[in-house]
Amino acid sequence: MALIPARSGSKRITSKNVRPLAGHPLLAYAIASALESRVFGAVIVSTDSPAIAEIARHYGAEVPFLRPEALAADLSPDIDWVRFTLDTLEAGGRSWDAFSILRPTSPFRRAETVRRAWDEFVRSDGIDSIRAVELCRQHPGKMWRLENGRLTPLLEGGPVSPPWHSMAYQSLPPVYIQNASLEIAWTRVVRDLGTIAGHVVVPFLTQGHEGFDVNDPNDLWYAGHLVREGEAALPAVTAVPWHPSGAASPLR
């Protein structure tokens, strides 16, 4: 099952999950990549907004129910809405062995991205989940904590001469940072461990712009620039562009 989170609140970009990009809302590209991948038995959008639910259904996703407001706050952890979704679906007689979270803010995740991750997931024995990661650009070996007005290296235990903070990036040990492209986990992880990732996590290394994440207005502009310049390709959306139908539309 694909789970696409699209709550209505966003501080840095208003209605971030449905902001337009190249003629369609961001949400449309998450739905399109999920449907085209043919990996999933269902593509379900989790939202607290009837207006966003309307957009999701227009592009071919299911919205079987709305997310409670208490699970759609700025600080609501993913485990809460994922558990609610799985439990509510199961109460209605629908259950899956595995789920994937596909966030709308990664518009350059394509069907082949999803298929590649799924293949890696099912080939990996004894794991709880797979998570999209990429090499970090700002290495934590060059990061500091501020304690009593003095800088202290964030990471301890590295070499003394020279220390990590004085080494070239290429000389530092590889460190990976998660991105928002996707994650896949067995549903037992939610039930038995109370997390969306579990304890045994393997990496899915994203390529090119697959892990690009829209978090602020500059990111949204740059995503448009990448598309206009032909430097990145969006998933093909077969539905006609969605147009607002009322004053409450999140795109107005």
# chains A, B, ... in the order shown; residues from 1 in each chain; ligands from 1
$ residues_around --residues "A:Ile31" --least-positions-apart "2" --cutoff "9 Å" --atoms "only C-alpha atoms" --output "number ranges by chain"
A: 2, 4, 27-29, 33-36, 43-45, 56, 59-61, 102, 104, 237
$ write_last_selection --atoms "N, CA and C atoms" --output "CSV table (one decimal), in the first residue's frame"
chain,number,residue,atom,x,y,z
A,2,ALA,N,0.5,2.2,-0.8
A,2,ALA,CA,1.2,3.5,-0.8
A,2,ALA,C,0.4,4.4,0.1
A,4,ILE,N,0.3,8.4,1.1
A,4,ILE,CA,0.8,9.7,0.7
A,4,ILE,C,0.3,10.7,1.7
A,27,LEU,N,1.1,17.2,-5.1
A,27,LEU,CA,0.4,15.9,-4.8
A,27,LEU,C,0.2,15.0,-6.0
A,28,ALA,N,-0.1,15.6,-7.1
A,28,ALA,CA,-0.4,14.8,-8.3
A,28,ALA,C,0.8,14.0,-8.8
A,29,TYR,N,2.0,14.4,-8.6
A,29,TYR,CA,3.2,13.7,-9.0
A,29,TYR,C,3.5,12.5,-8.1
A,33,SER,N,3.4,8.7,-9.7
A,33,SER,CA,4.5,7.8,-9.7
A,33,SER,C,4.1,6.5,-9.0
A,34,ALA,N,3.2,6.6,-8.0
A,34,ALA,CA,2.7,5.4,-7.3
A,34,ALA,C,1.9,4.5,-8.2
A,35,LEU,N,1.0,5.2,-8.9
A,35,LEU,CA,0.1,4.4,-9.8
A,35,LEU,C,0.9,3.8,-11.0
A,36,GLU,N,1.8,4.5,-11.6
A,36,GLU,CA,2.5,4.0,-12.7
A,36,GLU,C,3.5,2.9,-12.3
A,43,VAL,N,-3.4,3.1,-3.5
A,43,VAL,CA,-2.7,4.3,-3.3
A,43,VAL,C,-3.6,5.2,-2.5
A,44,ILE,N,-3.2,5.5,-1.3
A,44,ILE,CA,-4.1,6.2,-0.3
A,44,ILE,C,-3.5,7.5,0.2
A,45,VAL,N,-4.2,8.5,0.1
A,45,VAL,CA,-3.8,9.8,0.6
A,45,VAL,C,-4.4,10.1,2.0
A,56,ALA,N,-6.8,14.9,-4.5
A,56,ALA,CA,-6.3,13.5,-4.5
A,56,ALA,C,-7.1,12.6,-5.3
A,59,TYR,N,-6.9,12.9,-9.1
A,59,TYR,CA,-5.7,12.3,-9.7
A,59,TYR,C,-5.6,10.8,-9.5
A,60,GLY,N,-6.6,10.2,-9.0
A,60,GLY,CA,-6.7,8.8,-9.0
A,60,GLY,C,-6.4,8.1,-7.7
A,61,ALA,N,-6.2,8.8,-6.6
A,61,ALA,CA,-5.9,8.2,-5.3
A,61,ALA,C,-7.2,8.0,-4.6
A,102,LEU,N,5.2,8.0,0.6
A,102,LEU,CA,5.6,8.8,-0.6
A,102,LEU,C,5.2,10.2,-0.4
A,104,PRO,N,4.5,14.1,-1.0
A,104,PRO,CA,4.3,15.0,-2.2
A,104,PRO,C,5.5,16.0,-2.4
A,237,VAL,N,1.7,12.8,-15.7
A,237,VAL,CA,0.4,12.8,-15.1
A,237,VAL,C,-0.6,12.7,-16.2
$ residues_around --residues "A:Ile101" --least-positions-apart "6" --cutoff "10 Å" --atoms "only C-alpha atoms" --output "ChimeraX atom specification"
/A:1-5,30,44-45,78,82,131,180-185,196
$ closest_residue --among "A:Arg145, A:His24, A:Arg137, A:Arg57" --to "A:Pro174" --atoms "only C-alpha atoms"
A:Arg137
$ select_by_dssp --residues "stretch 30-212 of chain A" --states "helix (DSSP H, G or I)" --output "ChimeraX atom specification"
/A:30-37,50-58,69-71,78-91,111-123,140-142,164-166,169-171,187-193
$ closest_residue --among "A:Ala132, A:Pro235, A:Pro64, A:Leu193" --to "A:Arg116" --atoms "only C-alpha atoms"
A:Ala132
$ atom_distance --atom1 "atom CA of A:Phe121" --atom2 "atom CA of A:Phe40"
13.6 Å
$ select_by_dssp --residues "stretch 13-252 of chain A" --states "strand (DSSP E or B)" --output "PyMOL selection string"
chain A and resi 20-21+24-25+43-46+62+98-101+129-135+144-147+150-153+176-186+201-205
$ closest_residue --among "A:Val133, A:Leu151, A:Met143, A:Ala197" --to "A:Phe212" --atoms "only C-alpha atoms"
A:Val133
$ residues_around --residues "A:Thr85" --least-positions-apart "3" --cutoff "9 Å" --atoms "only C-alpha atoms" --output "PyMOL selection string"
chain A and resi 3+46+65+67+80-82+88-90
$ atom_distance --atom1 "atom CA of A:Gln207" --atom2 "atom CA of A:His225"
18.6 Å
$ residues_around --residues "stretch 47-49 of chain A" --least-positions-apart "6" --cutoff "10 Å" --atoms "only C-alpha atoms" --output "mmCIF file with C-alpha atoms, in the first residue's frame"
data_model
loop_
_atom_site.group_PDB
_atom_site.id
_atom_site.type_symbol
_atom_site.label_atom_id
_atom_site.label_comp_id
_atom_site.auth_asym_id
_atom_site.auth_seq_id
_atom_site.Cartn_x
_atom_site.Cartn_y
_atom_site.Cartn_z
ATOM 1 C CA ILE A 4 0.812 9.717 0.713
ATOM 2 C CA PRO A 5 0.652 12.248 3.577
ATOM 3 C CA ALA A 6 -0.866 15.593 2.628
ATOM 4 C CA ARG A 7 -2.012 17.496 5.675
ATOM 5 C CA SER A 8 -3.284 21.026 5.148
ATOM 6 C CA GLY A 9 -1.009 22.932 7.520
ATOM 7 C CA ALA A 56 -6.280 13.507 -4.526
ATOM 8 C CA VAL A 63 -9.128 9.022 0.373
ATOM 9 C CA PHE A 65 -11.468 8.885 5.385
ATOM 10 C CA LEU A 66 -10.006 12.128 6.700
ATOM 11 C CA ARG A 67 -7.179 12.243 9.202
ATOM 12 C CA PRO A 68 -8.265 13.566 12.637
ATOM 13 C CA GLU A 69 -7.118 17.113 13.330
ATOM 14 C CA ALA A 70 -5.149 15.912 16.362
ATOM 15 C CA LEU A 71 -2.941 13.838 14.034
ATOM 16 C CA ALA A 72 -2.313 16.678 11.572
ATOM 17 C CA ALA A 73 -0.510 19.233 13.737
ATOM 18 C CA TRP A 81 -1.176 8.945 11.445
ATOM 19 C CA SER A 249 -9.694 25.471 -2.373
ATOM 20 C CA PRO A 250 -6.138 25.197 -1.033
#
$ closest_residue --among "A:Val18, A:Ala91, A:Val122, A:Ile177" --to "A:Arg103" --atoms "only C-alpha atoms"
A:Val18
$ closest_residue --among "A:Gly92, A:Pro241, A:Pro163, A:Gly194" --to "A:Pro77" --atoms "only C-alpha atoms"
A:Gly194
$ residues_around --residues "A:Ile13" --least-positions-apart "4" --cutoff "12 Å" --atoms "only C-alpha atoms" --output "ChimeraX atom specification"
/A:8-9,17-20,105,214-221,250-251
$ write_last_selection --atoms "N, CA and C atoms" --output "PDB file, in the first residue's frame"
ATOM      1  N   SER A   8      -3.031  19.683   5.688  1.00  0.00           N
ATOM      2  CA  SER A   8      -3.284  21.026   5.148  1.00  0.00           C
ATOM      3  C   SER A   8      -2.345  22.088   5.703  1.00  0.00           C
ATOM      4  N   GLY A   9      -1.829  21.891   6.899  1.00  0.00           N
ATOM      5  CA  GLY A   9      -1.009  22.932   7.520  1.00  0.00           C
ATOM      6  C   GLY A   9       0.429  22.912   7.047  1.00  0.00           C
ATOM      7  N   ASN A  17       1.724  20.899   0.077  1.00  0.00           N
ATOM      8  CA  ASN A  17       1.529  19.629  -0.630  1.00  0.00           C
ATOM      9  C   ASN A  17       0.748  19.752  -1.933  1.00  0.00           C
ATOM     10  N   VAL A  18       0.054  20.869  -2.113  1.00  0.00           N
ATOM     11  CA  VAL A  18      -0.729  21.038  -3.348  1.00  0.00           C
ATOM     12  C   VAL A  18      -0.341  22.300  -4.102  1.00  0.00           C
ATOM     13  N   ARG A  19       0.842  22.822  -3.836  1.00  0.00           N
ATOM     14  CA  ARG A  19       1.302  23.973  -4.607  1.00  0.00           C
ATOM     15  C   ARG A  19       1.561  23.546  -6.048  1.00  0.00           C
ATOM     16  N   PRO A  20       1.233  24.395  -7.018  1.00  0.00           N
ATOM     17  CA  PRO A  20       1.372  23.997  -8.427  1.00  0.00           C
ATOM     18  C   PRO A  20       2.824  23.966  -8.891  1.00  0.00           C
ATOM     19  N   THR A 105       6.256  16.237  -1.433  1.00  0.00           N
ATOM     20  CA  THR A 105       7.297  17.260  -1.577  1.00  0.00           C
ATOM     21  C   THR A 105       8.527  16.761  -2.334  1.00  0.00           C
ATOM     22  N   VAL A 214      10.940  19.722  -1.561  1.00  0.00           N
ATOM     23  CA  VAL A 214      10.430  21.093  -1.548  1.00  0.00           C
ATOM     24  C   VAL A 214      10.055  21.460  -0.116  1.00  0.00           C
ATOM     25  N   ASN A 215      10.856  22.330   0.492  1.00  0.00           N
ATOM     26  CA  ASN A 215      10.605  22.733   1.871  1.00  0.00           C
ATOM     27  C   ASN A 215      10.328  24.225   2.027  1.00  0.00           C
ATOM     28  N   ASP A 216      10.760  25.031   1.058  1.00  0.00           N
ATOM     29  CA  ASP A 216      10.531  26.475   1.162  1.00  0.00           C
ATOM     30  C   ASP A 216      10.306  27.036  -0.240  1.00  0.00           C
ATOM     31  N   PRO A 217       9.921  28.296  -0.349  1.00  0.00           N
ATOM     32  CA  PRO A 217       9.626  28.867  -1.667  1.00  0.00           C
ATOM     33  C   PRO A 217      10.790  28.786  -2.644  1.00  0.00           C
ATOM     34  N   ASN A 218      12.020  28.896  -2.166  1.00  0.00           N
ATOM     35  CA  ASN A 218      13.167  28.775  -3.061  1.00  0.00           C
ATOM     36  C   ASN A 218      13.253  27.387  -3.682  1.00  0.00           C
ATOM     37  N   ASP A 219      12.946  26.356  -2.892  1.00  0.00           N
ATOM     38  CA  ASP A 219      12.948  24.991  -3.419  1.00  0.00           C
ATOM     39  C   ASP A 219      11.906  24.838  -4.525  1.00  0.00           C
ATOM     40  N   LEU A 220      10.726  25.429  -4.307  1.00  0.00           N
ATOM     41  CA  LEU A 220       9.665  25.321  -5.306  1.00  0.00           C
ATOM     42  C   LEU A 220      10.084  26.029  -6.598  1.00  0.00           C
ATOM     43  N   TRP A 221      10.691  27.195  -6.474  1.00  0.00           N
ATOM     44  CA  TRP A 221      11.177  27.895  -7.660  1.00  0.00           C
ATOM     45  C   TRP A 221      12.225  27.064  -8.383  1.00  0.00           C
ATOM     46  N   PRO A 250      -7.474  24.872  -1.543  1.00  0.00           N
ATOM     47  CA  PRO A 250      -6.138  25.197  -1.033  1.00  0.00           C
ATOM     48  C   PRO A 250      -5.230  25.844  -2.072  1.00  0.00           C
ATOM     49  N   LEU A 251      -5.635  25.846  -3.335  1.00  0.00           N
ATOM     50  CA  LEU A 251      -4.791  26.479  -4.357  1.00  0.00           C
ATOM     51  C   LEU A 251      -5.141  27.929  -4.572  1.00  0.00           C
TER      52      LEU A 251
END
$ closest_residue --among "A:His165, A:Arg191, A:Arg38, A:Lys16" --to "A:Trp118" --atoms "only C-alpha atoms"
A:Arg38
$ atom_distance --atom1 "atom CA of A:Pro153" --atom2 "atom CA of A:Pro203"
26.5 Å
$ residues_around --residues "A:Met167" --least-positions-apart "4" --cutoff "9 Å" --atoms "only C-alpha atoms" --output "PyMOL selection string"
chain A and resi 141-142+162-163+171-172
$ write_last_selection --atoms "C-alpha atoms" --output "PDB file, in the first residue's frame"
ATOM      1  CA  GLY A 141      32.481  16.161  11.062  1.00  0.00           C
ATOM      2  CA  LYS A 142      32.640  19.900  10.373  1.00  0.00           C
ATOM      3  CA  PRO A 162      44.257  16.378  11.956  1.00  0.00           C
ATOM      4  CA  PRO A 163      40.717  16.432  13.406  1.00  0.00           C
ATOM      5  CA  SER A 171      38.939  12.622   3.273  1.00  0.00           C
ATOM      6  CA  LEU A 172      36.005  12.318   5.674  1.00  0.00           C
TER       7      LEU A 172
END
$ residues_around --residues "A:Val227" --least-positions-apart "6" --cutoff "8 Å" --atoms "only C-alpha atoms" --output "PDB file with C-alpha atoms, in the first residue's frame"
ATOM      1  CA  ALA A  22       4.412  22.587 -14.188  1.00  0.00           C
ATOM      2  CA  ALA A 233      11.818  15.096 -15.313  1.00  0.00           C
ATOM      3  CA  LEU A 234       8.531  14.871 -13.467  1.00  0.00           C
TER       4      LEU A 234
END
